[in-house]
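The file query-v6.txt contains compact mmCIF, C-alpha atoms:
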# COMPACT_ATOMS: atom_id res chain seq x y z
CA MET A 1 17.12 43.63 -51.91
CA ALA A 2 13.58 44.98 -52.22
CA GLU A 3 12.46 47.59 -49.74
CA GLU A 4 10.06 46.37 -47.05
CA LYS A 5 7.64 48.28 -44.85
CA GLU A 6 5.94 46.83 -41.77
CA ILE A 7 2.20 46.81 -42.41
CA GLY A 8 0.78 44.59 -39.70
CA LYS A 9 0.99 41.56 -37.47
CA ILE A 10 -0.58 38.12 -37.28
CA THR A 11 -3.20 37.90 -34.53
CA HIS A 12 -4.54 34.40 -35.27
CA TYR A 13 -3.90 31.43 -37.55
CA TYR A 14 -6.41 28.82 -38.69
CA ASP A 15 -4.19 25.88 -39.56
CA LYS A 16 -6.89 23.68 -41.12
CA ILE A 17 -7.64 26.28 -43.82
CA SER A 18 -4.23 28.04 -43.88
CA VAL A 19 -5.74 31.44 -43.13
CA ALA A 20 -4.00 34.13 -41.09
CA VAL A 21 -5.79 37.00 -39.37
CA VAL A 22 -3.76 40.18 -39.79
CA GLU A 23 -4.20 43.45 -37.90
CA LEU A 24 -3.19 46.09 -40.44
CA LYS A 25 -1.14 49.23 -39.75
CA ALA A 26 -1.22 50.22 -43.44
CA ALA A 27 -3.27 49.51 -46.57
CA LEU A 28 -2.94 46.18 -48.37
CA LYS A 29 -4.50 45.01 -51.63
CA THR A 30 -4.68 41.80 -53.62
CA GLY A 31 -1.64 41.39 -55.83
CA ASP A 32 0.71 42.97 -53.28
CA SER A 33 3.82 41.01 -52.37
CA ILE A 34 4.29 40.43 -48.64
CA HIS A 35 7.02 39.01 -46.40
CA ILE A 36 5.97 37.33 -43.15
CA LYS A 37 8.70 37.03 -40.53
CA GLY A 38 8.79 35.66 -37.01
CA HIS A 39 10.82 33.34 -34.76
CA ALA A 40 10.08 30.28 -36.90
CA THR A 41 8.56 32.00 -39.94
CA ASP A 42 10.26 33.63 -42.92
CA PHE A 43 8.65 33.56 -46.37
CA THR A 44 7.39 35.81 -49.12
CA GLN A 45 4.17 35.44 -51.07
CA ASP A 46 1.70 37.40 -53.17
CA VAL A 47 -1.66 38.30 -51.64
CA GLU A 48 -4.25 36.28 -53.54
CA SER A 49 -7.33 37.06 -51.49
CA ILE A 50 -8.37 39.29 -48.60
CA GLN A 51 -11.54 38.88 -46.57
CA ILE A 52 -13.24 40.88 -43.86
CA GLU A 53 -16.10 39.11 -42.06
CA HIS A 54 -16.06 36.43 -44.83
CA GLU A 55 -16.59 39.08 -47.52
CA GLU A 56 -14.05 39.05 -50.34
CA ILE A 57 -12.51 42.50 -50.83
CA LYS A 58 -9.80 43.90 -53.11
CA GLU A 59 -8.22 46.36 -50.69
CA ALA A 60 -8.04 46.72 -46.91
CA LYS A 61 -7.08 49.85 -44.99
CA LYS A 62 -5.16 50.69 -41.84
CA GLY A 63 -6.94 49.38 -38.74
CA ASP A 64 -8.72 46.55 -40.56
CA HIS A 65 -8.51 42.97 -39.31
CA ILE A 66 -8.34 40.78 -42.38
CA GLY A 67 -8.33 37.10 -43.17
CA MET A 68 -5.70 36.11 -45.72
CA LYS A 69 -4.70 32.77 -47.24
CA VAL A 70 -1.04 32.02 -46.50
CA SER A 71 1.26 29.54 -48.24
CA GLU A 72 3.06 28.45 -45.06
CA GLU A 73 2.25 28.14 -41.37
CA VAL A 74 2.44 31.40 -39.40
CA LYS A 75 2.34 32.21 -35.69
CA GLU A 76 0.65 34.92 -33.64
CA HIS A 77 2.84 38.04 -33.39
CA ASP A 78 4.66 37.31 -36.68
CA ILE A 79 5.23 40.59 -38.50
CA VAL A 80 3.84 41.23 -41.99
CA TYR A 81 5.88 43.43 -44.32
CA LYS A 82 4.84 44.77 -47.70
CA VAL A 83 7.57 44.30 -50.29
CA ALA A 84 8.02 47.29 -52.61
CA SER A 85 8.17 46.19 -56.23

Please express what this file holds, its structure, as structure tokens.
Amino acid sequence: MAEEKEIGKITHYYDKISVAVVELKAALKTGDSIHIKGHATDFTQDVESIQIEHEEIKEAKKGDHIGMKVSEEVKEHDIVYKVAS
């Protein structure tokens, strides 16, 4: 089992474009593997793109609110974990 660290939570989800807004408690960069878990949510994916204010960035820091494409539906308050490789 890979080690996981809580790095943020989902604050909004745009279902038409499959984008989650995440409030970060730790840094996150493209290529990182994340695990999103909630009452009805439980999946792992790699971070393919991160945006802040519609600007594509490679790395986000603690305190940032980011937009991130997700492979499955998520809900507000779902927790985002970074999976240690």

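For the atom pair formed by atom CA of Glu23 of chain A and atom CA of Ile7 of chain A, the distance is 8.5 Å, given to one decimal.
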
| Å distance separating atom CA of Asp64 of chain A from atom CA of Ala20 of chain A, one decimal place | 13.3 Å

| query | How many Å separate atom CA of His77 of chain A from atom CA of Asp42 of chain A? | reply | 12.9 Å

Test item: residues at most 10 Å from Gly38 of chain A, only C-alpha atoms, excluding those fewer than 6 positions along its chain, as a PDB file with C-alpha atoms, keeping the file's coordinate frame:
ATOM      1  CA  LYS A   9       0.990  41.560 -37.470  1.00  0.00           C
ATOM      2  CA  ILE A  10      -0.580  38.120 -37.280  1.00  0.00           C
ATOM      3  CA  VAL A  74       2.440  31.400 -39.400  1.00  0.00           C
ATOM      4  CA  LYS A  75       2.340  32.210 -35.690  1.00  0.00           C
ATOM      5  CA  GLU A  76       0.650  34.920 -33.640  1.00  0.00           C
ATOM      6  CA  HIS A  77       2.840  38.040 -33.390  1.00  0.00           C
ATOM      7  CA  ASP A  78       4.660  37.310 -36.680  1.00  0.00           C
ATOM      8  CA  ILE A  79       5.230  40.590 -38.500  1.00  0.00           C
ATOM      9  CA  VAL A  80       3.840  41.230 -41.990  1.00  0.00           C
TER      10      VAL A  80
END

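The nearest approach to Ile50 of chain A among the residues A:Lys29, A:His35, A:Lys5, A:Lys62, with all atoms listed in the file taken into account, belongs to A:Lys29.
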
| query | Mind listing as a VMD selection string all residues within 8 Å of (-3.8, 31.0, -46.8), counting all atoms listed in the file? | reply | chain A and resid 17 to 20 68 to 72

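With all atoms listed in the file as the basis for measurement, A:Glu59 is the residue among A:Asp46, A:Asp15, A:Glu3, A:Glu59 that approaches Ala27 of chain A most closely.
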
| task | Counting only C-alpha atoms, find the residues whose atoms lie at most 9 Å from (-2.9, 37.4, -55.6) (file coordinates) and write them out as an NGL selection string. | result | :A and (29-33 or 45-49)

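Distance annotation: of A:Ile57, A:Ile36, A:Ile66, A:Val22, the residue with the minimal separation from Glu4 of chain A is A:Ile36; atom set is all atoms listed in the file.
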
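Closest approach to Val83 of chain A among A:Gly63, A:Ala40, A:Ala2, A:Glu55: A:Ala2, based on only C-alpha atoms.
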
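Compared by their closest atoms to Leu28 of chain A, and using all atoms listed in the file, the residues A:Tyr14, A:Thr44, A:Lys61, A:Glu73 rank with A:Lys61 nearest.
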
With N, CA and C atoms as the goal, would you fill in the gaps in segment 35-48 of chain A and present it as a PDB file, keeping the file's coordinate frame?
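Dumped everything to part_15.pdb:
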ATOM      1  N   HIS A  35       6.003  39.834 -47.057  1.00  0.00           N
ATOM      2  CA  HIS A  35       7.020  39.010 -46.400  1.00  0.00           C
ATOM      3  C   HIS A  35       6.555  38.841 -44.959  1.00  0.00           C
ATOM      4  N   ILE A  36       6.397  37.604 -44.520  1.00  0.00           N
ATOM      5  CA  ILE A  36       5.970  37.330 -43.150  1.00  0.00           C
ATOM      6  C   ILE A  36       7.178  36.773 -42.400  1.00  0.00           C
ATOM      7  N   LYS A  37       7.498  37.405 -41.271  1.00  0.00           N
ATOM      8  CA  LYS A  37       8.700  37.030 -40.530  1.00  0.00           C
ATOM      9  C   LYS A  37       8.411  36.930 -39.045  1.00  0.00           C
ATOM     10  N   GLY A  38       8.923  35.873 -38.437  1.00  0.00           N
ATOM     11  CA  GLY A  38       8.790  35.660 -37.010  1.00  0.00           C
ATOM     12  C   GLY A  38       9.904  34.742 -36.536  1.00  0.00           C
ATOM     13  N   HIS A  39       9.784  34.220 -35.308  1.00  0.00           N
ATOM     14  CA  HIS A  39      10.820  33.340 -34.760  1.00  0.00           C
ATOM     15  C   HIS A  39      11.047  32.124 -35.650  1.00  0.00           C
ATOM     16  N   ALA A  40       9.961  31.500 -36.110  1.00  0.00           N
ATOM     17  CA  ALA A  40      10.080  30.280 -36.900  1.00  0.00           C
ATOM     18  C   ALA A  40       9.524  30.474 -38.315  1.00  0.00           C
ATOM     19  N   THR A  41       9.223  31.702 -38.670  1.00  0.00           N
ATOM     20  CA  THR A  41       8.560  32.000 -39.940  1.00  0.00           C
ATOM     21  C   THR A  41       9.417  32.956 -40.751  1.00  0.00           C
ATOM     22  N   ASP A  42       9.534  32.700 -42.046  1.00  0.00           N
ATOM     23  CA  ASP A  42      10.260  33.630 -42.920  1.00  0.00           C
ATOM     24  C   ASP A  42       9.984  33.242 -44.368  1.00  0.00           C
ATOM     25  N   PHE A  43       8.960  33.850 -44.963  1.00  0.00           N
ATOM     26  CA  PHE A  43       8.650  33.560 -46.370  1.00  0.00           C
ATOM     27  C   PHE A  43       7.964  34.762 -47.013  1.00  0.00           C
ATOM     28  N   THR A  44       8.003  34.746 -48.330  1.00  0.00           N
ATOM     29  CA  THR A  44       7.390  35.810 -49.120  1.00  0.00           C
ATOM     30  C   THR A  44       6.317  35.189 -50.004  1.00  0.00           C
ATOM     31  N   GLN A  45       5.225  35.915 -50.182  1.00  0.00           N
ATOM     32  CA  GLN A  45       4.170  35.440 -51.070  1.00  0.00           C
ATOM     33  C   GLN A  45       3.382  36.634 -51.600  1.00  0.00           C
ATOM     34  N   ASP A  46       2.609  36.387 -52.655  1.00  0.00           N
ATOM     35  CA  ASP A  46       1.700  37.400 -53.170  1.00  0.00           C
ATOM     36  C   ASP A  46       0.353  37.224 -52.478  1.00  0.00           C
ATOM     37  N   VAL A  47      -0.337  38.339 -52.262  1.00  0.00           N
ATOM     38  CA  VAL A  47      -1.660  38.300 -51.640  1.00  0.00           C
ATOM     39  C   VAL A  47      -2.676  37.921 -52.714  1.00  0.00           C
ATOM     40  N   GLU A  48      -3.286  36.757 -52.540  1.00  0.00           N
ATOM     41  CA  GLU A  48      -4.250  36.280 -53.540  1.00  0.00           C
ATOM     42  C   GLU A  48      -5.677  36.651 -53.184  1.00  0.00           C
TER      43      GLU A  48
END
